[in-house]
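First up is the structure itself, then whatever we jot down about it.
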Amino acid sequence: MSVDAPLSHGQLFSWREIARYPQDWLRDANLPTAWDLRGLPLDRVTAALRLLVDRHEPLRTTYHVADGQPVQRIHPTVTLPIERVDRVVASRDVPEQAKDELSAIGFPMTGALGWRGVLVTTDGAPVFLALSFSHLILDVWSIHHLQDQFRALVADPRATARMGPSPRELARQQRTNGVWRERQESSERYWRRVLADGLMDELPTLPAGVKRNRLEATLHSRRLGGLASEAARRLGVTAPSVVTALIAAGLARYTGTGRVTLSLMASNRFAPEHQDIVSTMNQLIPVVVTVDHGSSLAEHIKRVHWAGARSYRYSCYDFDRVAAIAAEVAARDGKSPSHDCWVNHLFRCWINYVQLDRHPSDPADPAPAELLWTPLAQQYGQAFRVRVSVQGGRTSVLLLADPTVVPPDGMIGILRALAFGAQLAATNPESTLKDLWDVRSEDLAPSLFPQELPTPPNQAEE
């Protein structure tokens, strides 16, 4: 018999975030992956998948709305949403193509499982499994857990794994446990402080479902991640902190402010008992960052690192409760928000750093860097967003901006300063932030930043 339960904090955050997507952009909530199955017996593969689904509730969960609120419905069993295709795989690019095709199909918010797959065989022998998961049910951390457990179950169907609480058990704890109540109260106090400081009110926001033309550029570099890691070791911080600090400096420069409020994506898996949870746990937490262009790179990066580290203590919270507090603060201050999409109001500028695999980055990799403009950028949500993904040793920095906030040349300037800043932070961290803006593309090694840059889409049309 199916069971309905309230959502955990992570599930509720994902629900509120994805609910604001325009319907034709729901694919953006997808997390794709491809698993190599060569050499594995087909019966072991299908049995392992069945065991995974039996073991993890999110793979048997659909979402519904009851009395105006989202609920999760856990089913005792489901039919695996995996299509079987037998074909000749003539290229190593085929798994990536299949993964991308799956990822291009959005999941409905309610009534359907939040994942699907294609199992490709050749003459009956498994070759690969392409999967797409909705962020409504899983995060990237969880996908790594599933892949590790799948491998173990193929090798031994009796294999066990460390298990955290299920999403519905976590939701129950968050609503009834005294420790969780204390955490929620601490988070609410933090939010009140940040709201009192302001949330970069000059950045425009959009109502849910409303689209606006944006620009999106991606810098790909193998050296960048390695240099950021070297700088992090030298300064006693993390590679994501190095990248975040340099992005903050760039945003402050191009918006003419000495303070920015960045929203950081938190995994919310800091406690040992939460590291093995298979669910969606990520939430954004804002942090106010002071940017002094006369300070050294070392000082600035450490300041941003520790401000971010403190903010993570408050990153797991009831989003609806925080939205109510924000509305209360706005009313007290005599402000009237232009729309009711609190996700966009509260997270006007965010950055997410995702390590997609365990492959290290090489600071000396000579492969040329690339800068590409997305033909059609995301047209909804925040006016400034950065997503950093590291996979196969390559760091990709996707920067999206409303051109009224940061124009195309400013976007290029921020990405160029990021590349130069990572190099300086690794080799000469006592350089000042002002030094970041003196560099030209031709002054950087082609492995860090390309010397010839493509024209932004909107300018090409003109």
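Each chain of the structure tokens is named A, B, ... in the order shown, its residues numbered from 1; ligands are numbered from 1 in display order.
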
Could you give me the residues within segment 154-258 of chain A that DSSP places in alpha helix (DSSP H), as a ChimeraX atom specification?
/A:154-155,167-176,178-197,222-235,239-255

Polymer residues at most 7 Å from segment 280-290 of chain A, only C-alpha atoms, same-chain spacing of 5 or more positions, as a compact mmCIF listing (two decimals) with N, CA, C and O atoms, in the first residue's frame:
# COMPACT_ATOMS: atom_id res chain seq x y z
N GLY A 10 15.10 19.36 2.30
CA GLY A 10 15.71 19.34 0.97
C GLY A 10 14.69 19.12 -0.13
O GLY A 10 14.75 19.75 -1.19
N GLN A 11 13.74 18.21 0.10
CA GLN A 11 12.70 17.97 -0.90
C GLN A 11 11.84 19.21 -1.11
O GLN A 11 11.49 19.56 -2.24
N PHE A 13 12.68 22.33 -0.60
CA PHE A 13 13.45 23.35 -1.31
C PHE A 13 13.46 23.06 -2.81
O PHE A 13 13.23 23.95 -3.63
N HIS A 135 15.87 16.43 -10.03
CA HIS A 135 16.40 16.96 -8.77
C HIS A 135 15.34 16.95 -7.68
O HIS A 135 15.64 17.14 -6.50
N LEU A 136 14.09 16.71 -8.06
CA LEU A 136 13.03 16.55 -7.05
C LEU A 136 13.30 15.36 -6.14
O LEU A 136 12.88 15.35 -4.97
N ILE A 137 13.98 14.33 -6.66
CA ILE A 137 14.17 13.12 -5.86
C ILE A 137 15.60 12.88 -5.44
O ILE A 137 15.84 12.25 -4.41
N LEU A 138 16.59 13.35 -6.23
CA LEU A 138 17.99 13.05 -5.94
C LEU A 138 18.87 14.26 -6.18
O LEU A 138 18.51 15.17 -6.91
N ASP A 139 20.07 14.24 -5.55
CA ASP A 139 21.12 15.19 -5.87
C ASP A 139 22.31 14.41 -6.42
O ASP A 139 22.29 13.18 -6.48
N GLY A 258 30.65 47.47 -3.00
CA GLY A 258 31.69 46.90 -2.16
C GLY A 258 31.20 45.71 -1.37
O GLY A 258 31.93 45.19 -0.52
N ARG A 259 29.99 45.27 -1.66
CA ARG A 259 29.44 44.14 -0.92
C ARG A 259 28.46 43.39 -1.82
O ARG A 259 27.62 44.00 -2.48
N VAL A 260 28.61 42.10 -1.85
CA VAL A 260 27.68 41.28 -2.63
C VAL A 260 27.10 40.20 -1.71
O VAL A 260 27.73 39.81 -0.73
N THR A 261 25.92 39.77 -2.03
CA THR A 261 25.30 38.67 -1.30
C THR A 261 25.21 37.48 -2.24
O THR A 261 24.40 37.47 -3.16
N LEU A 262 26.06 36.51 -2.03
CA LEU A 262 26.07 35.30 -2.83
C LEU A 262 25.28 34.21 -2.12
O LEU A 262 25.37 34.07 -0.90
N SER A 263 24.53 33.45 -2.87
CA SER A 263 23.85 32.28 -2.30
C SER A 263 24.64 31.05 -2.70
O SER A 263 24.84 30.79 -3.90
N LEU A 264 25.12 30.31 -1.71
CA LEU A 264 25.96 29.14 -1.94
C LEU A 264 25.11 27.87 -1.87
O LEU A 264 24.24 27.74 -1.01
N MET A 265 25.39 26.94 -2.77
CA MET A 265 24.70 25.67 -2.73
C MET A 265 25.38 24.76 -1.70
O MET A 265 26.57 24.52 -1.77
N ALA A 266 24.60 24.32 -0.73
CA ALA A 266 25.13 23.47 0.34
C ALA A 266 24.62 22.04 0.17
O ALA A 266 23.43 21.82 -0.13
N SER A 267 25.50 21.08 0.39
CA SER A 267 25.12 19.67 0.25
C SER A 267 24.29 19.19 1.44
O SER A 267 23.55 18.22 1.34
N ASN A 268 24.44 19.87 2.59
CA ASN A 268 23.75 19.49 3.84
C ASN A 268 24.03 18.05 4.24
O ASN A 268 23.17 17.33 4.75
N VAL A 304 36.23 35.24 2.29
CA VAL A 304 35.07 34.61 1.66
C VAL A 304 34.92 33.16 2.13
O VAL A 304 33.81 32.69 2.40
N ALA A 307 33.51 33.12 5.73
CA ALA A 307 32.11 33.58 5.74
C ALA A 307 31.21 32.48 5.18
O ALA A 307 30.13 32.21 5.73
N GLY A 308 31.65 31.83 4.11
CA GLY A 308 30.86 30.74 3.55
C GLY A 308 30.77 29.56 4.49
O GLY A 308 29.71 28.95 4.65
N SER A 311 28.23 30.15 7.08
CA SER A 311 26.85 30.13 6.58
C SER A 311 26.33 28.70 6.44
O SER A 311 25.13 28.46 6.59
N SER A 315 22.36 26.02 6.68
CA SER A 315 21.90 25.81 5.31
C SER A 315 20.78 24.79 5.16
O SER A 315 20.32 24.55 4.05
N CYS A 316 20.36 24.16 6.24
CA CYS A 316 19.24 23.22 6.18
C CYS A 316 18.08 23.83 6.96
O CYS A 316 18.16 23.98 8.18

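Closest approach to Arg269 of chain A from the set A:Arg313, A:Ser221, A:Gln451, A:Asn344 is made by A:Arg313, with distances taken over only C-alpha atoms.
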
Please provide the set of residues having any atom within 8 Å of segment 37-44 of chain A, restricted to only C-alpha atoms, with same-chain residues fewer than 6 positions apart removed, written as a PyMOL selection string.
chain A and resi 124-129+154-155+157

Would you save the residues from that selection as an mmCIF file, in the first residue's frame, using C-alpha atoms?
data_model
loop_
_atom_site.group_PDB
_atom_site.id
_atom_site.type_symbol
_atom_site.label_atom_id
_atom_site.label_comp_id
_atom_site.auth_asym_id
_atom_site.auth_seq_id
_atom_site.Cartn_x
_atom_site.Cartn_y
_atom_site.Cartn_z
ATOM 1 C CA GLY A 124 22.053 -9.166 -25.749
ATOM 2 C CA ALA A 125 25.243 -8.133 -23.917
ATOM 3 C CA PRO A 126 25.014 -4.972 -21.774
ATOM 4 C CA VAL A 127 27.006 -1.971 -23.027
ATOM 5 C CA PHE A 128 25.804 1.013 -21.007
ATOM 6 C CA LEU A 129 22.917 2.388 -18.981
ATOM 7 C CA VAL A 154 26.198 -6.669 -9.589
ATOM 8 C CA ALA A 155 29.258 -8.300 -8.036
ATOM 9 C CA PRO A 157 23.465 -9.535 -4.872
#

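With only C-alpha atoms as the atoms that count, the minimum distance from His345 of chain A to the choices A:Arg253, A:Gln378, A:Val94, A:Ala330 is reached by A:Ala330.
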
Judged by only C-alpha atoms, the minimum distance to Arg193 of chain A among A:Thr110, A:Asp156, A:Tyr314, A:Ala130 is found for A:Tyr314

Leaving out segment 409-425 of chain A and any residue of its chain fewer than 6 positions from it, which residues lie within 9 Å of it when counting only C-alpha atoms, given as a VMD selection string?
chain A and resid 215 to 219 221 223 to 232 234 to 235 242 to 243 246 to 247 249 to 251 253 to 254 297 to 298 301 371 397 399 to 401 403 431 433 435 to 441 444 448 to 449 453

Mind checking which residues fall within 9 Å of Ile74 of chain A, counting only C-alpha atoms, ignoring those fewer than 2 positions away in the same chain, and posting them as JSON, numbers by chain?
{"A": [1, 2, 3, 4, 5, 57, 58, 59, 60, 61, 62, 63, 72, 76, 77, 168]}

What does the file look like for those residues with all heavy atoms, as a CSV table (one decimal), in the first residue's frame?
chain,number,residue,atom,x,y,z
A,1,MET,N,0.8,-1.2,0.0
A,1,MET,CA,0.0,0.0,0.0
A,1,MET,C,0.9,1.2,0.0
A,1,MET,O,1.8,1.3,0.7
A,1,MET,CB,-0.9,0.0,1.2
A,1,MET,CG,-1.8,1.2,1.3
A,1,MET,SD,-2.9,1.1,2.8
A,1,MET,CE,-3.8,2.6,2.6
A,2,SER,N,0.6,2.2,-0.9
A,2,SER,CA,1.3,3.4,-0.9
A,2,SER,C,1.1,4.3,0.3
A,2,SER,O,0.0,4.3,0.9
A,2,SER,CB,0.9,4.2,-2.2
A,2,SER,OG,1.2,3.5,-3.3
A,3,VAL,N,2.1,5.0,0.7
A,3,VAL,CA,2.1,5.9,1.9
A,3,VAL,C,2.4,7.3,1.6
A,3,VAL,O,3.4,7.6,0.9
A,3,VAL,CB,3.1,5.3,3.0
A,3,VAL,CG1,3.1,6.2,4.2
A,3,VAL,CG2,2.7,3.9,3.3
A,4,ASP,N,1.6,8.3,2.0
A,4,ASP,CA,1.9,9.7,1.8
A,4,ASP,C,2.6,10.2,3.1
A,4,ASP,O,2.4,9.8,4.2
A,4,ASP,CB,0.6,10.5,1.7
A,4,ASP,CG,0.0,10.3,0.3
A,4,ASP,OD1,0.6,9.5,-0.5
A,4,ASP,OD2,-1.0,11.0,-0.1
A,5,ALA,N,3.6,11.2,2.8
A,5,ALA,CA,4.3,11.8,3.9
A,5,ALA,C,4.7,13.2,3.5
A,5,ALA,O,4.8,13.5,2.3
A,5,ALA,CB,5.6,10.9,4.2
A,57,GLU,N,13.7,4.4,-1.3
A,57,GLU,CA,12.4,5.0,-1.5
A,57,GLU,C,12.3,6.0,-2.6
A,57,GLU,O,11.3,6.1,-3.3
A,57,GLU,CB,11.9,5.5,-0.2
A,57,GLU,CG,11.5,4.5,0.8
A,57,GLU,CD,10.8,5.1,2.1
A,57,GLU,OE1,10.7,6.3,2.2
A,57,GLU,OE2,10.4,4.3,3.0
A,58,PRO,N,13.2,6.9,-2.8
A,58,PRO,CA,13.1,8.0,-3.8
A,58,PRO,C,12.9,7.4,-5.2
A,58,PRO,O,12.2,8.0,-6.0
A,58,PRO,CB,14.4,8.7,-3.8
A,58,PRO,CG,14.8,8.6,-2.3
A,58,PRO,CD,14.5,7.2,-2.0
A,59,LEU,N,13.3,6.2,-5.5
A,59,LEU,CA,13.1,5.5,-6.8
A,59,LEU,C,11.8,4.9,-6.9
A,59,LEU,O,11.4,4.5,-8.0
A,59,LEU,CB,14.2,4.4,-7.0
A,59,LEU,CG,15.7,4.9,-6.9
A,59,LEU,CD1,16.6,3.8,-7.1
A,59,LEU,CD2,15.9,6.0,-7.9
A,60,ARG,N,11.0,4.9,-5.8
A,60,ARG,CA,9.6,4.5,-5.8
A,60,ARG,C,8.7,5.6,-5.3
A,60,ARG,O,7.5,5.3,-4.9
A,60,ARG,CB,9.5,3.3,-4.8
A,60,ARG,CG,10.3,2.0,-5.2
A,60,ARG,CD,10.1,0.9,-4.3
A,60,ARG,NE,11.0,1.0,-3.1
A,60,ARG,CZ,10.6,1.2,-1.9
A,60,ARG,NH1,9.3,1.4,-1.6
A,60,ARG,NH2,11.4,1.3,-0.9
A,61,THR,N,9.1,6.8,-5.5
A,61,THR,CA,8.3,7.9,-5.0
A,61,THR,C,7.7,8.8,-6.1
A,61,THR,O,8.4,9.1,-7.1
A,61,THR,CB,9.2,8.8,-4.0
A,61,THR,OG1,9.5,8.1,-2.9
A,61,THR,CG2,8.4,10.1,-3.6
A,62,THR,N,6.5,9.2,-5.9
A,62,THR,CA,5.9,10.2,-6.8
A,62,THR,C,5.4,11.4,-5.9
A,62,THR,O,5.3,11.2,-4.7
A,62,THR,CB,4.7,9.7,-7.6
A,62,THR,OG1,3.7,9.1,-6.6
A,62,THR,CG2,5.1,8.6,-8.6
A,63,TYR,N,5.3,12.5,-6.5
A,63,TYR,CA,4.9,13.7,-5.7
A,63,TYR,C,3.4,14.1,-6.1
A,63,TYR,O,3.0,13.9,-7.2
A,63,TYR,CB,5.8,14.9,-6.0
A,63,TYR,CG,7.1,14.8,-5.4
A,63,TYR,CD1,8.1,14.0,-6.0
A,63,TYR,CD2,7.4,15.4,-4.2
A,63,TYR,CE1,9.4,13.9,-5.4
A,63,TYR,CE2,8.7,15.3,-3.6
A,63,TYR,CZ,9.7,14.6,-4.2
A,63,TYR,OH,10.9,14.4,-3.6
A,72,GLN,N,5.0,13.6,-0.6
A,72,GLN,CA,5.6,12.5,-1.3
A,72,GLN,C,4.8,11.2,-1.1
A,72,GLN,O,4.3,11.0,0.1
A,72,GLN,CB,7.1,12.3,-0.8
A,72,GLN,CG,7.2,12.1,0.7
A,72,GLN,CD,8.7,11.9,1.1
A,72,GLN,OE1,9.4,11.1,0.4
A,72,GLN,NE2,9.1,12.5,2.1
A,76,PRO,N,5.1,0.7,-2.7
A,76,PRO,CA,5.8,-0.5,-2.2
A,76,PRO,C,6.6,-1.2,-3.4
A,76,PRO,O,7.6,-1.8,-3.1
A,76,PRO,CB,4.6,-1.5,-1.8
A,76,PRO,CG,3.4,-0.9,-2.5
A,76,PRO,CD,3.6,0.5,-2.6
A,77,THR,N,6.1,-1.0,-4.6
A,77,THR,CA,6.8,-1.5,-5.7
A,77,THR,C,6.4,-0.7,-7.0
A,77,THR,O,5.3,-0.1,-7.0
A,77,THR,CB,6.5,-3.0,-6.0
A,77,THR,OG1,7.3,-3.5,-7.0
A,77,THR,CG2,5.0,-3.2,-6.3
A,168,ARG,N,11.3,10.2,4.1
A,168,ARG,CA,10.2,10.4,4.9
A,168,ARG,C,10.6,10.4,6.4
A,168,ARG,O,10.0,11.1,7.2
A,168,ARG,CB,9.1,9.4,4.6
A,168,ARG,CG,9.4,8.0,4.8
A,168,ARG,CD,8.1,7.1,4.7
A,168,ARG,NE,8.5,5.7,4.3
A,168,ARG,CZ,7.6,4.8,4.4
A,168,ARG,NH1,6.4,5.0,4.9
A,168,ARG,NH2,7.9,3.5,4.0

Report as a compact mmCIF listing (two decimals) with all heavy atoms, in the first residue's frame: the residues of segment 118-256 of chain A with a DSSP assignment of strand (DSSP E), based on the backbone of this structure.
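To be explicit, this is the file written out as selection23.txt:
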# COMPACT_ATOMS: atom_id res chain seq x y z
N VAL A 118 17.67 4.20 -20.16
CA VAL A 118 17.76 3.38 -21.36
C VAL A 118 18.92 2.42 -21.17
O VAL A 118 20.06 2.85 -20.96
CB VAL A 118 17.99 4.24 -22.62
CG1 VAL A 118 18.21 3.34 -23.83
CG2 VAL A 118 16.81 5.17 -22.87
N LEU A 119 18.63 1.12 -21.21
CA LEU A 119 19.64 0.08 -21.10
C LEU A 119 19.98 -0.40 -22.51
O LEU A 119 19.13 -0.96 -23.20
CB LEU A 119 19.12 -1.08 -20.25
CG LEU A 119 19.98 -2.34 -20.16
CD1 LEU A 119 21.37 -2.02 -19.62
CD2 LEU A 119 19.29 -3.39 -19.29
N VAL A 120 21.21 -0.16 -22.92
CA VAL A 120 21.63 -0.49 -24.28
C VAL A 120 22.47 -1.76 -24.26
O VAL A 120 23.44 -1.87 -23.50
CB VAL A 120 22.42 0.68 -24.91
CG1 VAL A 120 22.94 0.28 -26.30
CG2 VAL A 120 21.53 1.91 -25.02
N THR A 121 22.07 -2.71 -25.09
CA THR A 121 22.81 -3.96 -25.24
C THR A 121 23.21 -4.13 -26.71
O THR A 121 22.62 -3.52 -27.60
CB THR A 121 21.96 -5.17 -24.81
OG1 THR A 121 20.77 -5.21 -25.62
CG2 THR A 121 21.55 -5.06 -23.35
N THR A 122 24.21 -4.97 -26.94
CA THR A 122 24.58 -5.37 -28.30
C THR A 122 24.58 -6.89 -28.35
O THR A 122 25.33 -7.54 -27.60
CB THR A 122 25.97 -4.83 -28.67
OG1 THR A 122 25.95 -3.39 -28.62
CG2 THR A 122 26.36 -5.26 -30.08
N ALA A 125 24.23 -8.41 -24.94
CA ALA A 125 25.24 -8.13 -23.92
C ALA A 125 25.18 -6.66 -23.51
O ALA A 125 25.20 -5.78 -24.39
CB ALA A 125 26.63 -8.47 -24.44
N PRO A 126 25.11 -6.37 -22.22
CA PRO A 126 25.01 -4.97 -21.77
C PRO A 126 26.22 -4.15 -22.22
O PRO A 126 27.37 -4.63 -22.19
CB PRO A 126 24.96 -5.08 -20.25
CG PRO A 126 24.48 -6.46 -19.97
CD PRO A 126 25.04 -7.31 -21.08
N VAL A 127 25.95 -2.91 -22.64
CA VAL A 127 27.01 -1.97 -23.03
C VAL A 127 27.02 -0.76 -22.09
O VAL A 127 28.03 -0.41 -21.52
CB VAL A 127 26.85 -1.52 -24.49
CG1 VAL A 127 27.97 -0.55 -24.88
CG2 VAL A 127 26.84 -2.72 -25.42
N PHE A 128 25.87 -0.11 -21.93
CA PHE A 128 25.80 1.01 -21.01
C PHE A 128 24.36 1.25 -20.58
O PHE A 128 23.41 0.77 -21.22
CB PHE A 128 26.40 2.29 -21.62
CG PHE A 128 25.58 2.90 -22.74
CD1 PHE A 128 24.55 3.80 -22.49
CD2 PHE A 128 25.86 2.56 -24.06
CE1 PHE A 128 23.80 4.35 -23.53
CE2 PHE A 128 25.13 3.11 -25.11
CZ PHE A 128 24.10 4.01 -24.84
N LEU A 129 24.22 1.98 -19.50
CA LEU A 129 22.92 2.39 -18.98
C LEU A 129 22.91 3.90 -18.87
O LEU A 129 23.73 4.48 -18.14
CB LEU A 129 22.65 1.76 -17.61
CG LEU A 129 21.38 2.20 -16.88
CD1 LEU A 129 20.13 1.78 -17.65
CD2 LEU A 129 21.35 1.63 -15.46
N ALA A 130 22.05 4.57 -19.62
CA ALA A 130 21.88 6.03 -19.52
C ALA A 130 20.69 6.30 -18.60
O ALA A 130 19.63 5.67 -18.73
CB ALA A 130 21.65 6.64 -20.88
N LEU A 131 20.86 7.22 -17.67
CA LEU A 131 19.83 7.53 -16.69
C LEU A 131 19.62 9.03 -16.58
O LEU A 131 20.57 9.81 -16.77
CB LEU A 131 20.22 6.98 -15.31
CG LEU A 131 20.30 5.46 -15.17
CD1 LEU A 131 21.08 5.10 -13.92
CD2 LEU A 131 18.91 4.85 -15.13
N SER A 132 18.42 9.41 -16.25
CA SER A 132 18.11 10.81 -15.95
C SER A 132 17.25 10.84 -14.69
O SER A 132 16.24 10.13 -14.61
CB SER A 132 17.36 11.47 -17.12
OG SER A 132 17.05 12.81 -16.81
N PHE A 133 17.69 11.63 -13.71
CA PHE A 133 16.98 11.77 -12.44
C PHE A 133 16.51 13.21 -12.27
O PHE A 133 17.27 14.15 -12.58
CB PHE A 133 17.88 11.41 -11.26
CG PHE A 133 18.40 10.00 -11.28
CD1 PHE A 133 19.66 9.73 -11.80
CD2 PHE A 133 17.64 8.96 -10.78
CE1 PHE A 133 20.16 8.43 -11.81
CE2 PHE A 133 18.13 7.65 -10.79
CZ PHE A 133 19.39 7.39 -11.30
N SER A 134 15.32 13.40 -11.77
CA SER A 134 14.87 14.74 -11.43
C SER A 134 15.49 15.16 -10.11
O SER A 134 15.61 14.36 -9.18
CB SER A 134 13.35 14.79 -11.31
OG SER A 134 12.93 16.04 -10.77
N LEU A 215 22.08 36.07 -21.10
CA LEU A 215 23.28 35.60 -21.79
C LEU A 215 23.98 34.58 -20.90
O LEU A 215 23.94 34.69 -19.67
CB LEU A 215 24.23 36.75 -22.09
CG LEU A 215 23.78 37.73 -23.18
CD1 LEU A 215 24.76 38.89 -23.28
CD2 LEU A 215 23.66 37.02 -24.52
N GLU A 216 24.62 33.59 -21.52
CA GLU A 216 25.24 32.51 -20.79
C GLU A 216 26.54 32.12 -21.49
O GLU A 216 26.53 31.76 -22.67
CB GLU A 216 24.27 31.32 -20.76
CG GLU A 216 24.60 30.24 -19.79
CD GLU A 216 23.47 29.21 -19.77
OE1 GLU A 216 23.45 28.32 -20.64
OE2 GLU A 216 22.59 29.33 -18.90
N ALA A 217 27.63 32.24 -20.77
CA ALA A 217 28.95 31.89 -21.32
C ALA A 217 29.58 30.83 -20.44
O ALA A 217 29.42 30.85 -19.21
CB ALA A 217 29.85 33.11 -21.40
N THR A 218 30.31 29.90 -21.06
CA THR A 218 30.97 28.85 -20.31
C THR A 218 32.46 28.83 -20.66
O THR A 218 32.83 28.77 -21.83
CB THR A 218 30.37 27.47 -20.62
OG1 THR A 218 28.97 27.49 -20.31
CG2 THR A 218 31.04 26.39 -19.77
N LEU A 219 33.28 28.88 -19.62
CA LEU A 219 34.72 28.74 -19.77
C LEU A 219 35.11 27.32 -19.40
O LEU A 219 34.82 26.87 -18.28
CB LEU A 219 35.46 29.74 -18.87
CG LEU A 219 36.99 29.58 -18.80
CD1 LEU A 219 37.63 29.85 -20.16
CD2 LEU A 219 37.57 30.50 -17.72
N HIS A 220 35.74 26.60 -20.31
CA HIS A 220 36.24 25.25 -20.06
C HIS A 220 37.77 25.32 -19.97
O HIS A 220 38.42 25.82 -20.89
CB HIS A 220 35.87 24.28 -21.19
CG HIS A 220 34.41 24.13 -21.42
ND1 HIS A 220 33.58 23.43 -20.58
CD2 HIS A 220 33.61 24.59 -22.42
CE1 HIS A 220 32.34 23.45 -21.05
NE2 HIS A 220 32.33 24.15 -22.16
N SER A 221 38.33 24.80 -18.90
CA SER A 221 39.79 24.78 -18.77
C SER A 221 40.20 23.63 -17.86
O SER A 221 39.65 23.45 -16.77
CB SER A 221 40.31 26.10 -18.19
OG SER A 221 41.68 26.01 -17.86

Leu170 of chain A environment, 12 Å, only C-alpha atoms, sequence neighbours closer than 2 positions dropped, as a VMD selection string
chain A and resid 5 to 11 164 to 168 172 to 177 180 273 to 274 277 to 281 316

Just-selected residues, C-alpha atoms written as a CSV table (one decimal), in the first residue's frame:
chain,number,residue,atom,x,y,z
A,5,ALA,CA,4.3,11.8,3.9
A,6,PRO,CA,5.4,15.4,4.2
A,7,LEU,CA,8.6,16.6,2.4
A,8,SER,CA,12.0,16.9,4.1
A,9,HIS,CA,13.7,20.3,4.0
A,10,GLY,CA,15.7,19.3,1.0
A,11,GLN,CA,12.7,18.0,-0.9
A,164,GLY,CA,21.0,7.0,6.1
A,165,PRO,CA,17.4,7.7,7.0
A,166,SER,CA,14.9,7.6,4.2
A,167,PRO,CA,13.5,11.0,3.1
A,168,ARG,CA,10.2,10.4,4.9
A,172,ARG,CA,9.6,13.2,10.5
A,173,GLN,CA,12.8,14.0,12.4
A,174,GLN,CA,13.0,17.5,11.1
A,175,ARG,CA,9.4,18.2,12.4
A,176,THR,CA,9.6,16.4,15.7
A,177,ASN,CA,13.2,16.1,17.0
A,180,TRP,CA,16.2,19.8,14.6
A,273,GLU,CA,24.6,10.3,9.7
A,274,HIS,CA,23.5,12.3,6.6
A,277,ILE,CA,21.2,9.6,2.6
A,278,VAL,CA,19.9,9.0,-0.9
A,279,SER,CA,17.6,11.9,-1.5
A,280,THR,CA,17.7,15.5,-2.6
A,281,MET,CA,19.4,17.5,0.2
A,316,CYS,CA,19.2,23.2,6.2

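Among A:Ala426, A:Val179, A:Leu12, A:Met163, the residue with the shortest atom-to-atom distance to Val322 of chain A, counting only C-alpha atoms, is A:Leu12.
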
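Reported to one decimal place, the separation of atom CA of Arg183 of chain A from atom CA of Phe270 of chain A is 13.4 Å.
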
Can you measure atom CA of Leu26 of chain A to atom CA of Tyr380 of chain A for me? One decimal in Å is fine.
11.1 Å

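With distances restricted to only C-alpha atoms, A:Tyr317 is the closest residue to Arg181 of chain A from A:Tyr317, A:Ala19, A:Arg73, A:Asp67.
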
Find the distance between atom CA of Asp54 of chain A and atom CA of Leu153 of chain A and write it in Å to one decimal.
12.3 Å

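Using only C-alpha atoms, the protein and nucleic acid residues lying no more than 12 Å from Pro22 of chain A, apart from those fewer than 2 places from it along its own chain, are Glu17, Ile18, Ala19, Arg20, Asp24, Trp25, Leu26, Arg27, Asp28, Ala29, Gly106, Pro108, Met109, Leu206, Pro207, Ala208, Gly209, Val210, Lys211, Arg212, Gln378, Gln379, Tyr380 and Gly381 of chain A.
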
Closest of A:Ser295, A:His75, A:Pro407, A:Asp340 to Ala324 of chain A, counting only C-alpha atoms, is A:Asp340
